[in-house]
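K.L.:
Below: one structure in structure tokens.
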Amino acid sequence: MDLLEYQVKEWFGKIGIPVLPSQRIDHPTDLKRLKIRFPIVLKSQVHGAERAKAGGVRFAETTIDAIAAAQNIFSLPIWGELPEVVLAESQYDANQEFYLAVVLDTAVCRPVLLGSKEANIDWESAGEKMHYVVVEQEFSPFYARRLALKMGLQGTLMQSVSTVVQKMYQLFMQKDLDLVEINPLAVNPNGEVMALNGKVRVNERSIKRHPDLTQMAAKIISRHPSTEINGILGDWEGVQMYGKIGILGNGTGSVMATLDLVSNAGGKPGVCLNLRHAFLTDTTPTTFCDRLETGLKILAADKSIEVILINFLGSIPQAEEITQVIAKFVEQDNNELKLQVGRSNGSKRQDLNFPSLVIRLAGSELNPTRNYLATLKTNSSSLAVVENLDEAVKVAVRLAKPNANKK
């Protein structure tokens, strides 16, 4: 999860990294009550890169100019994303600009401090322009000063930059982040440093450990329509696609293997969810069965999904409760079907949107569940219990084909 610039600046200010006076703008008329002095710069708050080239950054000298610029920014999509917030910020006179970052290097499993005397570069492809220091042991100011020295800085400027790096590392550790970036860190003629732009990437697994991050994630979900919620969930614990077969698995391997088999069999995978970990929308601790119930509801609410394929392999916590969750889901579908048919005076089911359920369970712990569901399916035409994964995929693909349920 990448934070927007105004959120990053709030974190920077709280931890002591120097930032410019700024104000969040939710509507162009908010500029009539601006608390910072002109001239200002208005920045579109979107996740897409190169917003300045796309017209998402405007300068203004007066309130009238600022309102006109904000109206233009709010209506300007950047990489398909319209901003919900615009950041108004004081302008800054800089005669030097640096690049700084703290990033988690998965190759060495250690945090790495990055710095360059050239701003607006990509840390992954900067080559010799980028200096780095690996934090091999417990962090100390020595690491930050070492980076500043590698960048060729001296005196007061070296101390100022190393202090900023220390604060960045402190934020990196406090929030369990993957990346903290300042691009650029500007230096004015008086030698004062200022973070003009920043980027923060939150580690997916850390959200549940921080209430403020959980709230941010919940707000992201609340701003999106239900048709996009699956995509956000998919980015975290699965894959977002647009086919007819939704997939539920209990591990990354089972989800991806099922997806590949569906594709190879000529089917079109839809949303694929990994139930091993909590969803982005979970604000309280959840069990595996809680996530199974949520996953079934998500896929059933997606009108493009015609078949839900469940593939559970190996050991699963609360295996005995899985039966209850699936049975409850099937019973709700059957009851809703009877209600809808009654209201339509016996019209055919073809206008209704109830996904079929194909279940494959592998593992001795799941034998009781498999046996019970095998008896349950005799009372439900929308449930198939299959022992072999290849056979389960074939059934799901067949049910997802046009006219598959028509006689």
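Letters A, B, ... go to the chains of the structure tokens in the order shown; residues in each chain start at 1; ligands are counted from 1 in the same order.
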Which range 96-152 of chain A residues have any atom within 10 Å of an atom of range 191-207 of chain A, and for each, what is the nearest pair of atoms with distance in Å to one decimal, counting only C-alpha atoms, rows sorted by chain and number, as a tab-separated table?

P.N.:
residue	atom	partner	partner_atom	distance
A:Gln96	CA	A:Gly191	CA	9.1
A:Glu97	CA	A:Val193	CA	9.0
A:Phe98	CA	A:Ala195	CA	9.6
A:Tyr99	CA	A:Ala195	CA	9.8
A:Leu100	CA	A:Gly198	CA	9.5
A:Ala101	CA	A:Lys199	CA	9.1
A:Val102	CA	A:Val200	CA	9.7
A:Val103	CA	A:Arg201	CA	9.3
A:Leu104	CA	A:Asn203	CA	9.7

K.L.:
Please extract the residues of range 95-184 of chain A with a backbone DSSP assignment of strand (DSSP E or B) and present them as a PyMOL selection string.

P.N.:
chain A and resi 96-105+110-116+131-134+177-184

K.L.:
Applying 10 Å and only C-alpha atoms, which residues near range 8-23 of chain A remain after dropping the ones on its own chain fewer than 6 positions away? List them as a compact mmCIF listing (two decimals) with N, CA and C atoms, in the first residue's frame.

P.N.:
# COMPACT_ATOMS: atom_id res chain seq x y z
N ASP A 2 0.79 2.04 -1.04
CA ASP A 2 1.53 3.29 -1.12
C ASP A 2 0.68 4.43 -0.59
N ASP A 30 -12.17 25.37 -1.02
CA ASP A 30 -11.37 25.37 0.22
C ASP A 30 -10.23 26.37 0.14
N LEU A 31 -9.84 26.73 -1.08
CA LEU A 31 -8.73 27.68 -1.25
C LEU A 31 -9.11 29.09 -0.81
N LEU A 34 -7.58 29.47 2.65
CA LEU A 34 -6.20 28.98 2.70
C LEU A 34 -5.43 29.63 3.85
N LYS A 35 -4.71 28.80 4.59
CA LYS A 35 -3.98 29.29 5.75
C LYS A 35 -2.49 29.53 5.49
N ILE A 36 -2.04 29.20 4.29
CA ILE A 36 -0.63 29.43 3.96
C ILE A 36 -0.53 30.57 2.95
N ARG A 37 0.63 31.18 2.90
CA ARG A 37 0.81 32.37 2.08
C ARG A 37 1.10 32.02 0.63
N ILE A 40 1.88 29.65 -4.06
CA ILE A 40 1.75 28.26 -3.65
C ILE A 40 1.88 27.34 -4.86
N VAL A 41 2.05 26.07 -4.57
CA VAL A 41 2.01 25.04 -5.61
C VAL A 41 0.89 24.07 -5.25
N LEU A 42 0.10 23.67 -6.24
CA LEU A 42 -0.99 22.72 -6.06
C LEU A 42 -0.60 21.39 -6.69
N VAL A 86 -6.30 17.46 -3.24
CA VAL A 86 -5.20 18.24 -3.82
C VAL A 86 -4.42 18.84 -2.66
N LEU A 87 -3.10 18.82 -2.76
CA LEU A 87 -2.26 19.38 -1.71
C LEU A 87 -1.80 20.77 -2.11
N ALA A 88 -2.11 21.77 -1.28
CA ALA A 88 -1.61 23.14 -1.47
C ALA A 88 -0.39 23.32 -0.58
N GLU A 89 0.70 23.80 -1.15
CA GLU A 89 1.96 23.87 -0.42
C GLU A 89 2.71 25.14 -0.79
N SER A 90 3.46 25.68 0.16
CA SER A 90 4.28 26.85 -0.11
C SER A 90 5.36 26.51 -1.11
N GLN A 91 5.76 27.51 -1.89
CA GLN A 91 6.87 27.31 -2.81
C GLN A 91 8.20 27.43 -2.05
N TYR A 92 9.25 26.86 -2.63
CA TYR A 92 10.53 26.79 -1.93
C TYR A 92 11.66 27.10 -2.92
N THR A 163 20.91 13.69 9.70
CA THR A 163 19.80 13.75 10.66
C THR A 163 18.49 13.35 10.00
N VAL A 164 18.27 13.82 8.77
CA VAL A 164 17.07 13.44 8.03
C VAL A 164 17.05 11.94 7.79
N VAL A 165 18.20 11.36 7.43
CA VAL A 165 18.28 9.92 7.19
C VAL A 165 17.95 9.15 8.46
N GLN A 166 18.42 9.63 9.61
CA GLN A 166 18.10 8.97 10.87
C GLN A 166 16.59 8.97 11.12
N LYS A 167 15.95 10.11 10.85
CA LYS A 167 14.50 10.20 11.04
C LYS A 167 13.77 9.26 10.07
N MET A 168 14.25 9.18 8.84
CA MET A 168 13.65 8.28 7.86
C MET A 168 13.74 6.83 8.34
N GLN A 170 14.03 5.83 11.42
CA GLN A 170 13.15 5.69 12.58
C GLN A 170 11.71 5.43 12.14
N LEU A 171 11.24 6.17 11.13
CA LEU A 171 9.89 5.96 10.59
C LEU A 171 9.78 4.59 9.93
N VAL A 180 10.90 4.14 2.42
CA VAL A 180 10.71 5.56 2.76
C VAL A 180 11.62 6.33 1.81
N GLU A 181 11.04 7.25 1.06
CA GLU A 181 11.80 7.95 0.02
C GLU A 181 11.53 9.45 0.09
N ILE A 182 12.58 10.24 -0.05
CA ILE A 182 12.47 11.69 -0.22
C ILE A 182 13.08 12.04 -1.55
N LEU A 185 15.06 15.97 -1.72
CA LEU A 185 15.39 16.72 -0.52
C LEU A 185 16.09 17.98 -0.99
N GLU A 192 19.55 25.20 4.49
CA GLU A 192 18.48 24.49 5.18
C GLU A 192 17.88 23.44 4.25
N VAL A 193 17.58 22.27 4.81
CA VAL A 193 17.04 21.17 3.99
C VAL A 193 15.53 21.09 4.15
N MET A 194 14.86 20.58 3.11
CA MET A 194 13.41 20.49 3.11
C MET A 194 12.98 19.32 2.23
N ALA A 195 12.10 18.46 2.76
CA ALA A 195 11.57 17.34 1.99
C ALA A 195 10.43 17.87 1.11
N LEU A 196 10.69 18.02 -0.19
CA LEU A 196 9.69 18.57 -1.10
C LEU A 196 8.68 17.52 -1.56
N ASN A 197 9.10 16.28 -1.63
CA ASN A 197 8.19 15.21 -2.02
C ASN A 197 8.64 13.92 -1.35
N GLY A 198 7.70 13.07 -1.04
CA GLY A 198 8.05 11.83 -0.35
C GLY A 198 7.17 10.68 -0.77
N LYS A 199 7.68 9.50 -0.54
CA LYS A 199 6.94 8.28 -0.86
C LYS A 199 7.13 7.29 0.27
N VAL A 200 6.05 6.63 0.65
CA VAL A 200 6.09 5.60 1.68
C VAL A 200 5.34 4.38 1.17
N ARG A 201 5.98 3.23 1.26
CA ARG A 201 5.33 1.98 0.88
C ARG A 201 5.22 1.10 2.11

K.L.:
If you measure from CA of Lys43 in chain A to CA of Ala186 in chain A, what distance in Å do you get, rounded to one decimal?

P.N.:
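These two atoms are separated by 17.1 Å.
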
K.L.:
Based on the backbone DSSP call, show me all residues of range 147-327 of chain A assigned alpha helix (DSSP H), as a ChimeraX atom specification.

P.N.:
/A:147-150,155-174,211-222,226-237,252-264,288-301,319-327

K.L.:
Let's have the selection written as a tab-separated table (two decimals), in the first residue's frame, with C-alpha atoms.

P.N.:
chain	number	residue	atom	x	y	z
A	147	LEU	CA	25.97	7.64	3.71
A	148	ALA	CA	26.31	11.43	3.79
A	149	LEU	CA	30.09	11.11	3.50
A	150	LYS	CA	29.75	8.74	0.55
A	155	GLY	CA	30.15	20.27	7.47
A	156	THR	CA	26.68	21.48	8.41
A	157	LEU	CA	25.07	20.03	5.28
A	158	MET	CA	26.44	16.57	6.10
A	159	GLN	CA	24.96	16.82	9.58
A	160	SER	CA	21.57	18.04	8.31
A	161	VAL	CA	21.27	15.27	5.72
A	162	SER	CA	22.39	12.55	8.12
A	163	THR	CA	19.80	13.75	10.66
A	164	VAL	CA	17.07	13.44	8.03
A	165	VAL	CA	18.28	9.92	7.19
A	166	GLN	CA	18.10	8.97	10.87
A	167	LYS	CA	14.50	10.20	11.04
A	168	MET	CA	13.65	8.28	7.86
A	169	TYR	CA	15.06	5.08	9.35
A	170	GLN	CA	13.15	5.69	12.58
A	171	LEU	CA	9.89	5.96	10.59
A	172	PHE	CA	10.86	2.90	8.52
A	173	MET	CA	11.17	0.78	11.64
A	174	GLN	CA	8.23	2.22	13.58
A	211	PRO	CA	-4.29	0.81	14.10
A	212	ASP	CA	-3.63	3.94	12.01
A	213	LEU	CA	-2.66	1.83	9.00
A	214	THR	CA	-5.75	-0.32	9.46
A	215	GLN	CA	-7.91	2.80	9.40
A	216	MET	CA	-6.18	4.04	6.24
A	217	ALA	CA	-6.78	0.71	4.54
A	218	ALA	CA	-10.44	0.72	5.56
A	219	LYS	CA	-10.88	4.24	4.14
A	220	ILE	CA	-9.35	3.15	0.84
A	221	ILE	CA	-11.90	0.36	0.61
A	222	SER	CA	-14.81	2.63	1.57
A	226	SER	CA	-18.16	-2.80	-4.64
A	227	THR	CA	-17.05	-3.68	-8.18
A	228	GLU	CA	-13.53	-2.52	-7.31
A	229	ILE	CA	-13.26	-4.01	-3.82
A	230	ASN	CA	-12.36	-7.41	-5.22
A	231	GLY	CA	-9.49	-5.85	-7.14
A	232	ILE	CA	-8.10	-4.25	-4.01
A	233	LEU	CA	-8.37	-7.49	-2.09
A	234	GLY	CA	-6.79	-9.30	-5.00
A	235	ASP	CA	-3.78	-7.02	-4.95
A	236	TRP	CA	-3.13	-8.15	-1.39
A	237	GLU	CA	-3.92	-11.83	-1.12
A	252	THR	CA	-0.33	-18.83	-2.59
A	253	GLY	CA	0.73	-22.10	-4.21
A	254	SER	CA	-2.77	-23.59	-4.25
A	255	VAL	CA	-4.29	-20.39	-5.63
A	256	MET	CA	-1.75	-19.96	-8.43
A	257	ALA	CA	-1.76	-23.66	-9.36
A	258	THR	CA	-5.56	-23.64	-9.59
A	259	LEU	CA	-5.50	-20.46	-11.68
A	260	ASP	CA	-3.01	-22.02	-14.13
A	261	LEU	CA	-5.05	-25.21	-14.46
A	262	VAL	CA	-8.24	-23.27	-15.13
A	263	SER	CA	-6.50	-21.25	-17.85
A	264	ASN	CA	-4.94	-24.36	-19.41
A	288	PHE	CA	-9.85	-19.07	8.58
A	289	CYS	CA	-13.59	-19.77	8.60
A	290	ASP	CA	-14.34	-16.06	8.93
A	291	ARG	CA	-12.28	-15.44	5.81
A	292	LEU	CA	-13.96	-18.34	3.99
A	293	GLU	CA	-17.36	-16.83	4.72
A	294	THR	CA	-16.17	-13.40	3.58
A	295	GLY	CA	-14.57	-14.83	0.44
A	296	LEU	CA	-17.77	-16.62	-0.54
A	297	LYS	CA	-19.77	-13.42	-0.07
A	298	ILE	CA	-17.29	-11.38	-2.15
A	299	LEU	CA	-17.41	-13.81	-5.06
A	300	ALA	CA	-21.18	-14.28	-4.85
A	301	ALA	CA	-21.65	-10.49	-5.00
A	319	ALA	CA	-11.46	-27.90	9.64
A	320	GLU	CA	-14.68	-29.11	11.24
A	321	GLU	CA	-16.24	-25.63	10.97
A	322	ILE	CA	-15.65	-25.38	7.23
A	323	THR	CA	-18.60	-27.71	6.72
A	324	GLN	CA	-20.92	-25.32	8.55
A	325	VAL	CA	-19.76	-22.29	6.55
A	326	ILE	CA	-20.19	-23.97	3.16
A	327	ALA	CA	-23.50	-25.60	4.14

K.L.:
So that I can see what lies close to Val385 in chain A, please list as a list of chain:residue names the residues with an atom at most 9 Å from it, counting only C-alpha atoms and leaving out residues fewer than 4 positions away in the same chain.

P.N.:
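My list of contacting residues is A:Leu357, A:Val358, A:Ile359, A:Arg360, A:Leu361, A:Arg370, A:Leu373, A:Ala374, A:Lys377, A:Ala392.
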
K.L.:
CA of Glu306 in chain A and CA of Gly80 in chain A are how many Å apart?

P.N.:
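It comes out at 28.3 Å.
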
K.L.:
For range 240-251 of chain A, please output as a PDB file with C-alpha atoms, in the first residue's frame all residues within 7 Å (counting only C-alpha atoms; exclusion window: fewer than 3 positions along the same chain).

P.N.:
ATOM      1  CA  ASN A 230     -12.356  -7.415  -5.219  1.00  0.00           C
ATOM      2  CA  GLY A 231      -9.494  -5.848  -7.142  1.00  0.00           C
ATOM      3  CA  GLY A 234      -6.791  -9.302  -5.000  1.00  0.00           C
ATOM      4  CA  ASP A 235      -3.775  -7.024  -4.947  1.00  0.00           C
ATOM      5  CA  SER A 254      -2.768 -23.587  -4.245  1.00  0.00           C
ATOM      6  CA  VAL A 255      -4.290 -20.390  -5.632  1.00  0.00           C
ATOM      7  CA  LYS A 268     -11.387 -17.803 -17.622  1.00  0.00           C
ATOM      8  CA  PRO A 269     -10.313 -17.213 -13.997  1.00  0.00           C
ATOM      9  CA  GLY A 270     -11.956 -14.388 -12.115  1.00  0.00           C
ATOM     10  CA  VAL A 271     -11.062 -13.070  -8.670  1.00  0.00           C
ATOM     11  CA  CYS A 272      -8.643 -15.408  -6.863  1.00  0.00           C
ATOM     12  CA  LEU A 273      -8.369 -15.077  -3.081  1.00  0.00           C
ATOM     13  CA  ASN A 274      -5.865 -16.601  -0.683  1.00  0.00           C
ATOM     14  CA  LEU A 275      -7.616 -17.270   2.633  1.00  0.00           C
ATOM     15  CA  ARG A 276      -4.453 -18.068   4.571  1.00  0.00           C
ATOM     16  CA  LEU A 299     -17.406 -13.810  -5.056  1.00  0.00           C
ATOM     17  CA  SER A 304     -19.343 -11.711 -13.449  1.00  0.00           C
ATOM     18  CA  ILE A 305     -18.616 -14.838 -11.361  1.00  0.00           C
ATOM     19  CA  GLU A 306     -20.628 -17.897 -12.451  1.00  0.00           C
ATOM     20  CA  VAL A 307     -18.618 -20.599 -10.652  1.00  0.00           C
ATOM     21  CA  ILE A 308     -16.741 -20.582  -7.335  1.00  0.00           C
ATOM     22  CA  LEU A 309     -13.925 -23.139  -7.277  1.00  0.00           C
ATOM     23  CA  ILE A 310     -12.604 -24.000  -3.803  1.00  0.00           C
ATOM     24  CA  ASN A 311      -9.260 -25.795  -3.563  1.00  0.00           C
ATOM     25  CA  PHE A 312      -8.106 -26.531  -0.006  1.00  0.00           C
ATOM     26  CA  LEU A 313      -4.973 -28.577   0.479  1.00  0.00           C
ATOM     27  CA  ALA A 400     -18.909 -21.636 -16.634  1.00  0.00           C
TER      28      ALA A 400
END

K.L.:
Would you work out the distance separating CA of His131 in chain A from CA of Leu114 in chain A, expressed in Å to one decimal?

P.N.:
5.7 Å

K.L.:
List as a count of residues only the protein and nucleic acid residues near Gly314 in chain A, meaning an atom at most 8 Å away when only C-alpha atoms are counted, but skip any in the same chain fewer than 4 places from it.

P.N.:
4

K.L.:
Within 12 Å of Asp65 in chain A, counting only C-alpha atoms, which residues show up once you throw out same-chain ones fewer than 4 positions away? Write them as a short mmCIF file (atom, residue, chain, number, x, y, z; two decimals) with C-alpha atoms, in the first residue's frame, please.

P.N.:
data_model
loop_
_atom_site.label_atom_id
_atom_site.label_comp_id
_atom_site.auth_asym_id
_atom_site.auth_seq_id
_atom_site.Cartn_x
_atom_site.Cartn_y
_atom_site.Cartn_z
CA PRO A 28 -11.54 24.14 -5.00
CA THR A 29 -13.56 26.44 -2.73
CA LEU A 31 -8.73 27.68 -1.25
CA LYS A 32 -10.81 30.66 -0.14
CA PHE A 38 1.02 32.80 -1.66
CA PRO A 39 2.71 31.93 -3.95
CA ILE A 40 1.75 28.26 -3.65
CA VAL A 41 2.01 25.04 -5.61
CA LEU A 42 -0.99 22.72 -6.06
CA ARG A 58 0.26 23.90 -10.92
CA PHE A 59 1.65 27.13 -9.49
CA ALA A 60 -0.58 29.99 -8.33
CA GLU A 61 0.04 33.56 -7.22
CA ALA A 69 -5.92 25.53 -11.19
CA ALA A 70 -7.55 23.29 -8.56
CA GLN A 71 -10.68 22.87 -10.68
CA ASN A 72 -8.50 21.72 -13.55
#
